[in-house]
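my_file_11.csv follows (CSV, C-alpha atoms and all ligand atoms):
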chain,number,residue,atom,x,y,z
A,1,MET,CA,-53.1,33.1,53.3
A,2,LEU,CA,-50.2,33.8,55.6
A,3,THR,CA,-50.8,37.2,57.1
A,4,ILE,CA,-47.7,38.9,58.6
A,5,ASN,CA,-48.3,41.9,60.8
A,6,LEU,CA,-45.2,44.1,60.3
A,7,ASN,CA,-46.6,46.7,62.8
A,8,ALA,CA,-46.6,44.0,65.4
A,9,ILE,CA,-43.0,43.1,64.6
A,10,GLN,CA,-42.1,46.8,64.9
A,11,SER,CA,-43.9,47.1,68.2
A,12,ASN,CA,-42.2,44.0,69.5
A,13,TRP,CA,-38.8,45.5,68.6
A,14,LEU,CA,-39.7,48.7,70.4
A,15,GLN,CA,-40.9,46.7,73.5
A,16,LEU,CA,-37.5,45.0,73.6
A,17,LYS,CA,-35.8,48.4,73.2
A,18,SER,CA,-37.6,49.8,76.2
A,19,LEU,CA,-36.8,46.6,78.2
A,20,ALA,CA,-33.1,46.8,77.4
A,21,SER,CA,-32.8,50.5,77.5
A,22,SER,CA,-29.1,50.6,78.2
A,23,ALA,CA,-28.3,48.5,75.1
A,24,GLN,CA,-28.6,48.7,71.3
A,25,ILE,CA,-31.2,46.4,69.9
A,26,ALA,CA,-30.2,44.3,66.9
A,27,ALA,CA,-32.6,42.0,65.0
A,28,VAL,CA,-31.9,38.5,63.9
A,29,ILE,CA,-33.4,37.9,60.4
A,30,LYS,CA,-31.7,34.6,59.6
A,31,ALA,CA,-33.6,31.8,57.8
A,32,ASN,CA,-35.7,34.4,55.9
A,33,ALA,CA,-36.7,36.1,59.1
A,34,TYR,CA,-37.8,32.8,60.7
A,35,GLY,CA,-39.8,32.1,57.6
A,36,LEU,CA,-41.7,35.4,57.5
A,37,GLY,CA,-39.8,37.1,54.7
A,38,ALA,CA,-36.5,38.8,55.4
A,39,VAL,CA,-37.0,41.6,52.9
A,40,ARG,CA,-40.3,43.0,54.3
A,41,VAL,CA,-39.4,42.2,57.9
A,42,GLY,CA,-35.9,43.7,57.6
A,43,GLN,CA,-37.2,46.9,56.0
A,44,ALA,CA,-40.0,47.2,58.6
A,45,LEU,CA,-37.4,46.8,61.4
A,46,TYR,CA,-35.2,49.4,59.8
A,47,ALA,CA,-38.2,51.8,59.7
A,48,ALA,CA,-38.6,51.2,63.4
A,49,GLY,CA,-35.1,52.2,64.0
A,50,CYS,CA,-33.1,49.0,63.9
A,51,ARG,CA,-29.6,49.5,62.4
A,52,GLU,CA,-27.9,46.1,63.2
A,53,PHE,CA,-28.9,42.8,61.7
A,54,PHE,CA,-27.8,39.3,62.2
A,55,VAL,CA,-28.1,36.6,59.5
A,56,ALA,CA,-26.7,33.0,59.4
A,57,THR,CA,-25.0,32.7,56.0
A,58,LEU,CA,-23.1,34.7,53.4
A,59,ASP,CA,-26.0,34.3,51.0
A,60,GLU,CA,-28.5,35.7,53.5
A,61,ALA,CA,-26.1,38.6,54.2
A,62,LEU,CA,-25.5,39.5,50.5
A,63,SER,CA,-29.2,39.6,50.0
A,64,ALA,CA,-29.7,41.7,53.1
A,65,ARG,CA,-27.0,44.1,51.9
A,66,LYS,CA,-29.2,44.8,48.9
A,67,PHE,CA,-32.6,45.3,50.6
A,68,LEU,CA,-31.3,47.2,53.6
A,69,PRO,CA,-29.9,50.8,53.5
A,70,ALA,CA,-26.1,50.9,53.2
A,71,GLU,CA,-25.6,52.3,56.7
A,72,VAL,CA,-26.7,49.1,58.6
A,73,ASN,CA,-24.3,46.6,60.2
A,74,ILE,CA,-24.8,43.1,59.0
A,75,TYR,CA,-23.3,40.3,61.1
A,76,VAL,CA,-23.0,36.7,59.8
A,77,LEU,CA,-23.5,34.2,62.6
A,78,GLY,CA,-22.1,31.2,60.7
A,79,GLY,CA,-18.7,32.9,60.2
A,80,ILE,CA,-16.6,32.6,57.1
A,81,ARG,CA,-16.1,29.4,55.1
A,82,ASN,CA,-13.1,29.0,52.9
A,83,GLY,CA,-13.2,31.1,49.8
A,84,GLU,CA,-15.8,33.5,51.1
A,85,GLU,CA,-13.4,36.1,52.5
A,86,ARG,CA,-13.5,38.5,49.6
A,87,ASP,CA,-17.3,38.5,49.4
A,88,PHE,CA,-17.4,39.5,53.0
A,89,ILE,CA,-14.9,42.4,52.4
A,90,VAL,CA,-16.6,43.7,49.3
A,91,ALA,CA,-20.1,43.7,50.9
A,92,ARG,CA,-18.8,45.1,54.2
A,93,LEU,CA,-20.2,42.1,56.2
A,94,VAL,CA,-19.0,41.4,59.7
A,95,PRO,CA,-18.2,37.8,60.2
A,96,VAL,CA,-18.8,36.2,63.6
A,97,LEU,CA,-15.5,34.4,64.0
A,98,CYS,CA,-16.1,31.2,65.9
A,99,SER,CA,-12.8,29.4,65.7
A,100,VAL,CA,-9.0,29.9,65.7
A,101,SER,CA,-9.0,29.1,62.0
A,102,GLY,CA,-11.7,31.6,61.3
A,103,ILE,CA,-9.7,34.3,63.1
A,104,LYS,CA,-6.6,33.3,61.0
A,105,SER,CA,-8.4,33.6,57.7
A,106,TRP,CA,-9.9,37.0,58.6
A,107,ALA,CA,-6.4,38.2,59.7
A,108,LYS,CA,-4.9,36.9,56.4
A,109,ILE,CA,-7.4,38.6,54.1
A,110,ASN,CA,-7.2,41.8,56.0
A,111,ALA,CA,-3.4,41.7,55.9
A,112,ASP,CA,-3.3,40.7,52.2
A,113,MET,CA,-5.5,43.6,51.2
A,114,GLY,CA,-4.0,46.1,53.6
A,115,LEU,CA,-7.3,46.4,55.4
A,116,ALA,CA,-8.6,46.1,59.0
A,117,MET,CA,-12.2,45.3,58.3
A,118,PRO,CA,-14.2,44.7,61.5
A,119,SER,CA,-15.2,41.3,62.9
A,120,ALA,CA,-17.1,39.9,65.8
A,121,ILE,CA,-15.6,37.2,68.0
A,122,LYS,CA,-17.7,34.5,69.6
A,123,VAL,CA,-16.7,32.7,72.8
A,124,ASN,CA,-18.2,29.5,74.0
A,125,THR,CA,-19.6,29.9,77.5
A,126,GLY,CA,-21.7,26.7,77.8
A,127,MET,CA,-23.6,26.1,74.6
A,128,THR,CA,-20.7,24.2,73.1
A,129,ARG,CA,-21.6,24.8,69.5
A,130,PHE,CA,-19.8,27.7,67.9
A,131,GLY,CA,-17.2,29.9,69.5
A,132,LEU,CA,-13.6,29.9,70.9
A,133,ASP,CA,-13.2,28.1,74.1
A,134,VAL,CA,-12.1,30.4,76.9
A,135,ASP,CA,-8.5,29.1,76.8
A,136,GLU,CA,-8.3,29.9,73.1
A,137,PHE,CA,-9.8,33.3,73.8
A,138,LYS,CA,-7.2,34.0,76.5
A,139,ILE,CA,-4.4,33.2,74.0
A,140,PHE,CA,-6.1,35.5,71.4
A,141,CYS,CA,-6.3,38.3,73.9
A,142,CYS,CA,-2.5,38.2,74.4
A,143,ASP,CA,-1.7,38.7,70.7
A,144,LYS,CA,-2.0,42.5,70.2
A,145,ASN,CA,-0.9,42.3,66.6
A,146,LEU,CA,-3.4,39.7,65.7
A,147,ILE,CA,-6.2,41.7,67.4
A,148,LYS,CA,-5.2,44.7,65.3
A,149,THR,CA,-5.5,42.8,62.0
A,150,VAL,CA,-8.6,41.0,63.0
A,151,ASN,CA,-10.2,44.2,64.3
A,152,PRO,CA,-12.9,42.8,66.6
A,153,VAL,CA,-15.7,45.3,67.2
A,154,LEU,CA,-18.0,42.9,69.1
A,155,LEU,CA,-17.4,40.1,71.5
A,156,MET,CA,-20.4,37.8,71.9
A,157,SER,CA,-21.6,34.5,73.3
A,158,HIS,CA,-24.9,32.7,73.1
A,159,LEU,CA,-27.1,31.5,76.0
A,160,ALA,CA,-28.3,27.9,76.0
A,161,CYS,CA,-31.2,28.0,78.5
A,162,ALA,CA,-32.3,31.6,78.5
A,163,ASP,CA,-35.9,30.5,78.1
A,164,GLU,CA,-35.7,28.8,81.5
A,165,PRO,CA,-35.0,31.8,83.8
A,166,ASP,CA,-34.1,29.6,86.8
A,167,HIS,CA,-31.7,27.4,85.0
A,168,PRO,CA,-28.3,27.6,86.7
A,169,LEU,CA,-26.5,27.7,83.3
A,170,ASN,CA,-27.7,31.3,82.8
A,171,GLU,CA,-25.6,32.6,85.8
A,172,SER,CA,-22.7,30.4,84.9
A,173,GLN,CA,-22.6,31.6,81.3
A,174,LEU,CA,-22.9,35.2,82.5
A,175,GLU,CA,-19.9,34.7,84.8
A,176,ILE,CA,-17.8,33.2,82.2
A,177,PHE,CA,-18.7,35.9,79.7
A,178,GLN,CA,-17.9,38.6,82.2
A,179,SER,CA,-14.4,37.2,82.7
A,180,CYS,CA,-14.0,37.3,78.9
A,181,VAL,CA,-15.3,40.9,78.9
A,182,SER,CA,-12.7,42.0,81.4
A,183,LEU,CA,-9.9,40.4,79.5
A,184,MET,CA,-11.0,42.0,76.2
A,185,ARG,CA,-11.5,45.4,77.8
A,186,ASN,CA,-7.9,45.4,78.8
A,187,VAL,CA,-6.7,45.0,75.3
A,188,LYS,CA,-9.4,46.9,73.4
A,189,PRO,CA,-11.5,49.2,75.6
A,190,GLU,CA,-13.8,50.4,72.8
A,191,ILE,CA,-15.1,47.0,71.8
A,192,ARG,CA,-18.8,46.2,72.4
A,193,PHE,CA,-20.3,43.1,74.1
A,194,SER,CA,-23.4,41.0,73.4
A,195,LEU,CA,-24.8,38.0,75.2
A,196,ALA,CA,-28.6,38.0,75.1
A,197,ASN,CA,-31.0,36.5,72.5
A,198,SER,CA,-34.7,37.2,72.9
A,199,SER,CA,-35.1,35.2,76.1
A,200,GLY,CA,-31.9,36.7,77.4
A,201,VAL,CA,-33.4,40.2,77.3
A,202,PHE,CA,-36.0,39.0,79.9
A,203,LEU,CA,-33.3,37.6,82.3
A,204,GLY,CA,-32.5,41.2,83.4
A,205,GLU,CA,-30.2,44.1,82.8
A,206,GLN,CA,-27.0,42.2,83.7
A,207,TRP,CA,-27.4,40.1,80.6
A,208,HIS,CA,-27.9,43.0,78.2
A,209,PHE,CA,-24.4,44.4,77.8
A,210,ASP,CA,-24.1,46.7,74.8
A,211,LEU,CA,-26.1,44.9,72.2
A,212,VAL,CA,-29.0,42.4,72.4
A,213,ARG,CA,-29.8,40.0,69.5
A,214,PRO,CA,-33.5,39.1,69.6
A,215,GLY,CA,-35.1,37.0,66.8
A,216,ALA,CA,-38.0,34.9,68.1
A,217,ALA,CA,-39.6,37.5,70.3
A,218,LEU,CA,-39.8,39.9,67.4
A,219,TYR,CA,-42.0,37.3,65.6
A,220,GLY,CA,-44.3,36.8,68.6
A,221,ILE,CA,-42.7,33.7,70.2
A,222,ALA,CA,-42.9,33.7,74.0
A,223,PRO,CA,-39.5,34.5,75.6
A,224,ASN,CA,-40.2,31.9,78.4
A,225,THR,CA,-43.0,30.0,80.0
A,226,ASP,CA,-42.8,31.7,83.4
A,227,ILE,CA,-44.7,34.8,82.2
A,228,THR,CA,-47.7,35.2,79.9
A,229,ASN,CA,-46.4,36.0,76.5
A,230,PRO,CA,-45.8,39.8,76.4
A,231,MET,CA,-45.1,39.9,72.7
A,232,LYS,CA,-47.7,40.8,70.1
A,233,ALA,CA,-48.9,38.1,67.8
A,234,VAL,CA,-47.4,38.5,64.3
A,235,VAL,CA,-48.7,35.7,62.1
A,236,LYS,CA,-52.1,34.5,61.1
A,237,LEU,CA,-52.7,31.5,58.8
A,238,THR,CA,-55.9,30.8,57.0
A,239,LEU,CA,-56.5,28.0,54.5
A,240,PRO,CA,-59.2,28.4,51.8
A,241,ILE,CA,-61.9,25.8,51.5
A,242,THR,CA,-61.7,24.3,48.0
A,243,GLN,CA,-64.2,21.5,48.3
A,244,VAL,CA,-67.2,20.6,50.5
A,245,ARG,CA,-69.1,17.4,50.7
A,246,ARG,CA,-71.8,15.7,52.8
A,247,LEU,CA,-71.5,12.0,53.0
A,248,SER,CA,-74.5,10.0,51.6
A,249,GLU,CA,-73.0,6.8,53.1
A,250,PRO,CA,-70.4,6.1,55.8
A,251,ALA,CA,-67.0,6.8,54.1
A,252,THR,CA,-63.3,6.3,54.7
A,253,ILE,CA,-61.4,9.6,54.7
A,254,GLY,CA,-58.0,10.2,53.0
A,255,TYR,CA,-54.9,8.2,52.4
A,256,GLY,CA,-54.6,4.9,54.3
A,257,ALA,CA,-58.4,5.1,55.1
A,258,ASP,CA,-57.2,6.0,58.6
A,259,ALA,CA,-60.5,7.6,59.5
A,260,ILE,CA,-64.2,6.8,58.9
A,261,LEU,CA,-67.1,9.2,59.1
A,262,PRO,CA,-70.8,8.2,59.3
A,263,LYS,CA,-73.5,9.0,56.8
A,264,GLY,CA,-74.5,12.6,57.0
A,265,ALA,CA,-71.1,13.9,58.1
A,266,ARG,CA,-69.8,17.0,56.4
A,267,ILE,CA,-66.3,17.6,55.4
A,268,ALA,CA,-64.3,20.5,53.9
A,269,VAL,CA,-61.0,20.1,52.0
A,270,VAL,CA,-58.6,23.0,52.4
A,271,ALA,CA,-55.6,24.0,50.3
A,272,GLY,CA,-52.5,23.3,52.4
A,273,GLY,CA,-50.8,20.1,53.2
A,274,TYR,CA,-47.5,18.6,54.4
A,275,ALA,CA,-45.6,20.2,51.5
A,276,ASP,CA,-46.6,23.4,53.3
A,277,GLY,CA,-45.1,22.1,56.5
A,278,ILE,CA,-48.5,21.4,58.1
A,279,ASN,CA,-47.4,18.2,59.8
A,280,HIS,CA,-44.7,20.3,61.4
A,281,SER,CA,-46.3,23.6,62.0
A,282,LEU,CA,-49.8,22.4,62.9
A,283,GLY,CA,-49.2,18.8,63.8
A,284,ARG,CA,-50.7,15.7,62.3
A,285,ASN,CA,-54.2,16.5,63.6
A,286,PRO,CA,-54.6,20.2,62.9
A,287,GLU,CA,-57.4,22.2,64.5
A,288,GLY,CA,-59.0,25.2,62.9
A,289,ILE,CA,-61.6,27.9,63.5
A,290,LEU,CA,-64.5,28.1,61.0
A,291,ASP,CA,-67.4,30.5,61.5
A,292,GLY,CA,-66.3,31.0,65.0
A,293,GLN,CA,-66.3,27.3,65.9
A,294,LEU,CA,-63.5,24.9,66.5
A,295,VAL,CA,-63.2,22.2,63.8
A,296,GLN,CA,-60.9,19.2,63.8
A,297,SER,CA,-59.0,17.7,60.8
A,298,ILE,CA,-59.8,14.1,60.0
A,299,GLY,CA,-57.6,11.5,58.3
A,300,ARG,CA,-54.1,12.0,57.2
A,301,VAL,CA,-52.8,15.4,56.0
A,302,SER,CA,-51.8,14.9,52.4
A,303,MET,CA,-49.3,16.8,50.3
A,304,ASP,CA,-51.5,19.7,49.2
A,305,ALA,CA,-54.7,19.3,51.1
A,306,THR,CA,-56.1,18.7,54.6
A,307,ILE,CA,-59.6,17.5,55.3
A,308,PHE,CA,-61.7,18.9,58.2
A,309,ASP,CA,-64.8,17.4,59.8
A,310,ILE,CA,-67.2,20.3,59.6
A,311,SER,CA,-70.4,18.3,60.6
A,312,GLY,CA,-71.2,20.9,63.2
A,313,ILE,CA,-71.1,23.9,60.9
A,314,SER,CA,-74.3,25.3,59.5
A,315,LEU,CA,-73.0,27.5,56.7
A,316,SER,CA,-74.3,26.7,53.2
A,317,ASP,CA,-71.9,25.1,50.6
A,318,GLU,CA,-71.8,28.4,48.7
A,319,GLN,CA,-70.8,30.2,51.9
A,320,LEU,CA,-68.2,27.6,52.8
A,321,LEU,CA,-66.6,27.8,49.4
A,322,GLN,CA,-66.0,31.5,50.1
A,323,SER,CA,-64.6,30.7,53.5
A,324,ASN,CA,-61.3,30.0,55.1
A,325,ILE,CA,-60.4,27.8,58.1
A,326,GLU,CA,-58.1,29.8,60.4
A,327,VAL,CA,-55.4,27.6,61.7
A,328,ILE,CA,-53.0,30.1,63.4
A,329,ASN,CA,-54.8,33.1,64.9
A,330,ASP,CA,-55.3,34.8,68.2
A,331,GLU,CA,-56.9,31.7,69.7
A,332,LEU,CA,-54.7,29.0,68.0
A,333,THR,CA,-51.5,30.9,68.9
A,334,LEU,CA,-47.9,29.9,68.2
A,335,ASP,CA,-47.5,29.2,71.9
A,336,TYR,CA,-50.6,26.9,71.9
A,337,LEU,CA,-49.4,25.1,68.8
A,338,SER,CA,-45.9,24.5,70.0
A,339,ARG,CA,-47.2,23.2,73.4
A,340,LYS,CA,-49.7,20.9,71.7
A,341,ASN,CA,-47.3,19.5,69.1
A,342,LYS,CA,-44.2,19.5,71.4
A,343,LEU,CA,-42.4,21.8,69.0
A,344,LEU,CA,-40.6,25.1,69.4
A,345,GLY,CA,-42.4,28.2,68.2
A,346,TYR,CA,-39.2,28.6,66.1
A,347,GLU,CA,-40.0,25.3,64.4
A,348,VAL,CA,-43.6,26.2,63.8
A,349,LEU,CA,-42.6,29.4,62.0
A,350,THR,CA,-39.6,28.1,60.0
A,351,SER,CA,-41.7,25.1,58.7
A,352,LEU,CA,-44.5,27.2,57.2
A,353,GLY,CA,-42.8,26.8,53.8
A,354,ASN,CA,-43.1,29.2,50.9
A,355,ARG,CA,-46.3,28.2,49.1
A,356,TYR,CA,-48.9,30.2,51.0
A,357,PRO,CA,-49.9,33.5,49.4
A,358,ARG,CA,-48.6,36.1,51.8
A,359,GLU,CA,-50.0,39.4,52.9
A,360,TYR,CA,-48.1,42.0,54.9
A,361,LEU,CA,-49.9,44.4,57.1
A,362,LEU,CA,-48.1,47.7,57.6
A,363,GLY,CA,-49.7,51.0,58.7
A,364,VAL,CA,-47.9,54.1,59.7
A,365,SER,CA,-44.3,53.2,60.6
A,366,HIS,CA,-42.4,54.1,63.7
A,367,GLY,CA,-39.0,55.6,63.7
B,401,LIG,C1,-30.5,32.7,66.3
B,401,LIG,C2,-29.6,33.4,67.2
B,401,LIG,C3,-30.1,34.5,68.0
B,401,LIG,C4,-31.6,34.9,68.1
B,401,LIG,O1,-32.2,34.0,69.1
B,401,LIG,P1,-33.7,34.1,69.5
B,401,LIG,O2,-33.8,33.1,70.5
B,401,LIG,O3,-34.5,33.8,68.2
B,401,LIG,O4,-34.0,35.5,70.0
B,401,LIG,C5,-29.2,35.3,68.7
B,401,LIG,N1,-27.9,34.9,68.8
B,401,LIG,C6,-27.4,33.9,68.0
B,401,LIG,C7,-26.0,33.6,68.1
B,401,LIG,C8,-28.3,33.1,67.3
B,401,LIG,O5,-27.8,32.1,66.6

Once more with this new file: its structure as structure tokens, please.
Amino acid sequence: MLTINLNAIQSNWLQLKSLASSAQIAAVIKANAYGLGAVRVGQALYAAGCREFFVATLDEALSARKFLPAEVNIYVLGGIRNGEERDFIVARLVPVLCSVSGIKSWAKINADMGLAMPSAIKVNTGMTRFGLDVDEFKIFCCDKNLIKTVNPVLLMSHLACADEPDHPLNESQLEIFQSCVSLMRNVKPEIRFSLANSSGVFLGEQWHFDLVRPGAALYGIAPNTDITNPMKAVVKLTLPITQVRRLSEPATIGYGADAILPKGARIAVVAGGYADGINHSLGRNPEGILDGQLVQSIGRVSMDATIFDISGISLSDEQLLQSNIEVINDELTLDYLSRKNKLLGYEVLTSLGNRYPREYLLGVSHG
């Protein structure tokens, strides 16, 4: 069972709001809210007061348009691909225009339809992935007519190393962004600015501008390793025990017979395997908590099942068959798992897959 605590997500959003008190707080719910379920997560964030949402693709945006109230702004980080222009207009989606050609196609559809639907413009300040280079941005800023038809309402950039507060690129990206901000203010004073992702919020007020765009921190991922994680844990994963056995002889365990256990050892097979992302989310040698004790998986993780050595557990077979092994909880945290398996917390969450039964916890909502 994958348990997602929506109250914790709401309280993480409110924590970021109080940290970036001079800015608006958006929420990034791309990739199905980092695997946790964009519908329930988006609606819980709306209930907490969030009115601006970022997704990655047109499909995600069209779906968010349906499950979120009509008043919210939905920004599409991947920009527009050819042929998608009309869908953006009809659903009132704000494309994040990342290239000269993206700007041209938005200008064209707006001009063709006699509209000036809003857009966001992204500049590259050091990530070198999406966004106009500063030179291209300067040229854009000189074209008053183009700015009118493209109607940018947000100028943004993305930090590459915000999770390393001492990294010199943070300052350098800030400086480059500030120069773009000044240019843009001259031609369109009412536009808003946005630089910070989750970790960027923790760099300090200078990085906040008008809008911050947290994703990871909402879902309990630590913003950086310099401080103890201030975010509330959001996910818990428990795997039900489906079979228990005590070995009457020494035996090889699992595919490839990679492991051998002695006579008398006890094992538990749980529902959940690499098709559920376990090799990625929990690593090839998952640990779990059973009856308050740490247990270790044994042998290879298979597609639908993982075997644990539970020789030290004294519960009866009947009790075990009613039990779950907790594999993500307050002890085996996302931070711990990502450190142990050399993964990002982002990767742990987005590789959880879709097969676990899900349970959403939501008490009284804020707002
Ligand atoms: C994914 C993304 C975010 C959110 O980043 P987190 O590190 O998850 O807070 C913000 N801005 C952009 C452009 C993104 O692609």

**Prompt:** Using all atoms listed in the file, which residue out of A:Ala233, A:Cys141, A:Ile298, A:Ala217 lies closest to ligand LIG 401 (chain B)?
**Reply:** A:Ala217

Show me, as a PDB file with C-alpha atoms, in the frame of the given file, the residues that have an atom within 12 Å of Leu294 in chain A when counting all atoms listed in the file, minus same-chain residues fewer than 2 positions from it.
ATOM      1  CA  PRO A 286     -54.600  20.200  62.900  1.00  0.00           C
ATOM      2  CA  GLU A 287     -57.400  22.200  64.500  1.00  0.00           C
ATOM      3  CA  GLY A 288     -59.000  25.200  62.900  1.00  0.00           C
ATOM      4  CA  ILE A 289     -61.600  27.900  63.500  1.00  0.00           C
ATOM      5  CA  LEU A 290     -64.500  28.100  61.000  1.00  0.00           C
ATOM      6  CA  ASP A 291     -67.400  30.500  61.500  1.00  0.00           C
ATOM      7  CA  GLY A 292     -66.300  31.000  65.000  1.00  0.00           C
ATOM      8  CA  GLN A 296     -60.900  19.200  63.800  1.00  0.00           C
ATOM      9  CA  SER A 297     -59.000  17.700  60.800  1.00  0.00           C
ATOM     10  CA  PHE A 308     -61.700  18.900  58.200  1.00  0.00           C
ATOM     11  CA  ASP A 309     -64.800  17.400  59.800  1.00  0.00           C
ATOM     12  CA  ILE A 310     -67.200  20.300  59.600  1.00  0.00           C
ATOM     13  CA  SER A 311     -70.400  18.300  60.600  1.00  0.00           C
ATOM     14  CA  GLY A 312     -71.200  20.900  63.200  1.00  0.00           C
ATOM     15  CA  ILE A 313     -71.100  23.900  60.900  1.00  0.00           C
ATOM     16  CA  ILE A 325     -60.400  27.800  58.100  1.00  0.00           C
ATOM     17  CA  GLU A 326     -58.100  29.800  60.400  1.00  0.00           C
ATOM     18  CA  VAL A 327     -55.400  27.600  61.700  1.00  0.00           C
ATOM     19  CA  GLU A 331     -56.900  31.700  69.700  1.00  0.00           C
ATOM     20  CA  LEU A 332     -54.700  29.000  68.000  1.00  0.00           C
TER      21      LEU A 332
END

**Prompt:** If you measure from CA of Ala120 in chain A to CA of Leu97 in chain A, what distance in Å do you get, rounded to one decimal?
**Reply:**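 These atoms are spaced 6.0 Å apart.
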
**Asked** Residues at most 9 Å from ligand LIG 401 (chain B), using all atoms listed in the file? Could they come as a PyMOL selection string?
**Response** chain A and resi 27-30+34+54-56+77-78+96+122+130+156-159+162-163+194-201+212-219+221+223+346

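Computed from the coordinates, the CA of Glu175 in chain A to CA of Ala222 in chain A distance equals 25.4 Å.
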
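Of the residues listed (A:Arg246, A:Arg355, A:Lys263, A:Lys232), A:Arg355 shows the shortest atom-to-atom separation from Ala275 in chain A; distances use all atoms listed in the file.
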
**Prompt:** Hey, which of A:Pro262, A:Gly204, A:Pro69, A:Pro118 ends up closest to Phe88 in chain A? Count only C-alpha atoms.
**Reply:**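 Nearest candidate to Phe88 in chain A out of A:Pro262, A:Gly204, A:Pro69, A:Pro118: A:Pro118.
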
**Message:** Need to verify the contact set: Glu318 in chain A, 12 Å, all atoms listed in the file, exclusion of same-chain residues closer than 3 positions in sequence. Can you return it as a list in words?
**Reply:** Ile241, Thr242, Gln243, Val244, Arg245, Ser314, Leu315, Leu321, Gln322 and Ser323 of chain A

**Message:** Calculated over all atoms listed in the file, which of the candidates A:Leu282, A:Leu320, A:Leu174, A:Ile80 has the smallest distance to Lys342 in chain A?
**Reply:**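 Closest residue, counting all atoms listed in the file: A:Leu282.
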
Taking the structure I provided as the source, export range 301-316 of chain A with N, CA and C atoms, as a PDB file, in the first residue's frame.
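selection.pdb, written as the output of this step:
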ATOM      1  N   VAL A 301      15.529  -9.349  -6.590  1.00  0.00           N
ATOM      2  CA  VAL A 301      14.153  -8.861  -6.685  1.00  0.00           C
ATOM      3  C   VAL A 301      13.583  -9.434  -7.978  1.00  0.00           C
ATOM      4  N   SER A 302      12.385 -10.013  -7.952  1.00  0.00           N
ATOM      5  CA  SER A 302      11.790 -10.470  -9.216  1.00  0.00           C
ATOM      6  C   SER A 302      10.681  -9.522  -9.650  1.00  0.00           C
ATOM      7  N   MET A 303       9.993  -9.851 -10.735  1.00  0.00           N
ATOM      8  CA  MET A 303       9.084  -8.864 -11.334  1.00  0.00           C
ATOM      9  C   MET A 303       7.981  -8.423 -10.387  1.00  0.00           C
ATOM     10  N   ASP A 304       7.380  -9.391  -9.697  1.00  0.00           N
ATOM     11  CA  ASP A 304       6.212  -9.081  -8.875  1.00  0.00           C
ATOM     12  C   ASP A 304       6.419  -9.359  -7.396  1.00  0.00           C
ATOM     13  N   ALA A 305       7.591  -9.854  -7.049  1.00  0.00           N
ATOM     14  CA  ALA A 305       7.789 -10.287  -5.667  1.00  0.00           C
ATOM     15  C   ALA A 305       9.214 -10.011  -5.204  1.00  0.00           C
ATOM     16  N   THR A 306       9.352  -9.845  -3.902  1.00  0.00           N
ATOM     17  CA  THR A 306      10.663  -9.682  -3.278  1.00  0.00           C
ATOM     18  C   THR A 306      10.675 -10.572  -2.044  1.00  0.00           C
ATOM     19  N   ILE A 307      11.818 -11.221  -1.800  1.00  0.00           N
ATOM     20  CA  ILE A 307      11.922 -12.172  -0.691  1.00  0.00           C
ATOM     21  C   ILE A 307      12.734 -11.521   0.435  1.00  0.00           C
ATOM     22  N   PHE A 308      12.242 -11.632   1.646  1.00  0.00           N
ATOM     23  CA  PHE A 308      12.974 -11.102   2.804  1.00  0.00           C
ATOM     24  C   PHE A 308      13.383 -12.248   3.720  1.00  0.00           C
ATOM     25  N   ASP A 309      14.572 -12.116   4.278  1.00  0.00           N
ATOM     26  CA  ASP A 309      15.037 -13.046   5.310  1.00  0.00           C
ATOM     27  C   ASP A 309      14.449 -12.570   6.631  1.00  0.00           C
ATOM     28  N   ILE A 310      13.528 -13.362   7.185  1.00  0.00           N
ATOM     29  CA  ILE A 310      12.885 -12.937   8.432  1.00  0.00           C
ATOM     30  C   ILE A 310      13.219 -13.916   9.557  1.00  0.00           C
ATOM     31  N   SER A 311      14.408 -14.509   9.461  1.00  0.00           N
ATOM     32  CA  SER A 311      14.804 -15.519  10.461  1.00  0.00           C
ATOM     33  C   SER A 311      14.739 -14.980  11.888  1.00  0.00           C
ATOM     34  N   GLY A 312      14.916 -13.671  12.063  1.00  0.00           N
ATOM     35  CA  GLY A 312      14.921 -13.105  13.416  1.00  0.00           C
ATOM     36  C   GLY A 312      13.549 -12.698  13.924  1.00  0.00           C
ATOM     37  N   ILE A 313      12.523 -12.981  13.163  1.00  0.00           N
ATOM     38  CA  ILE A 313      11.180 -12.510  13.553  1.00  0.00           C
ATOM     39  C   ILE A 313      10.420 -13.645  14.240  1.00  0.00           C
ATOM     40  N   SER A 314       9.735 -13.309  15.345  1.00  0.00           N
ATOM     41  CA  SER A 314       9.095 -14.378  16.107  1.00  0.00           C
ATOM     42  C   SER A 314       7.590 -14.476  15.889  1.00  0.00           C
ATOM     43  N   LEU A 315       7.007 -13.637  15.016  1.00  0.00           N
ATOM     44  CA  LEU A 315       5.561 -13.726  14.762  1.00  0.00           C
ATOM     45  C   LEU A 315       5.213 -15.093  14.170  1.00  0.00           C
ATOM     46  N   SER A 316       3.995 -15.552  14.427  1.00  0.00           N
ATOM     47  CA  SER A 316       3.545 -16.826  13.851  1.00  0.00           C
ATOM     48  C   SER A 316       3.260 -16.644  12.359  1.00  0.00           C
TER      49      SER A 316
END
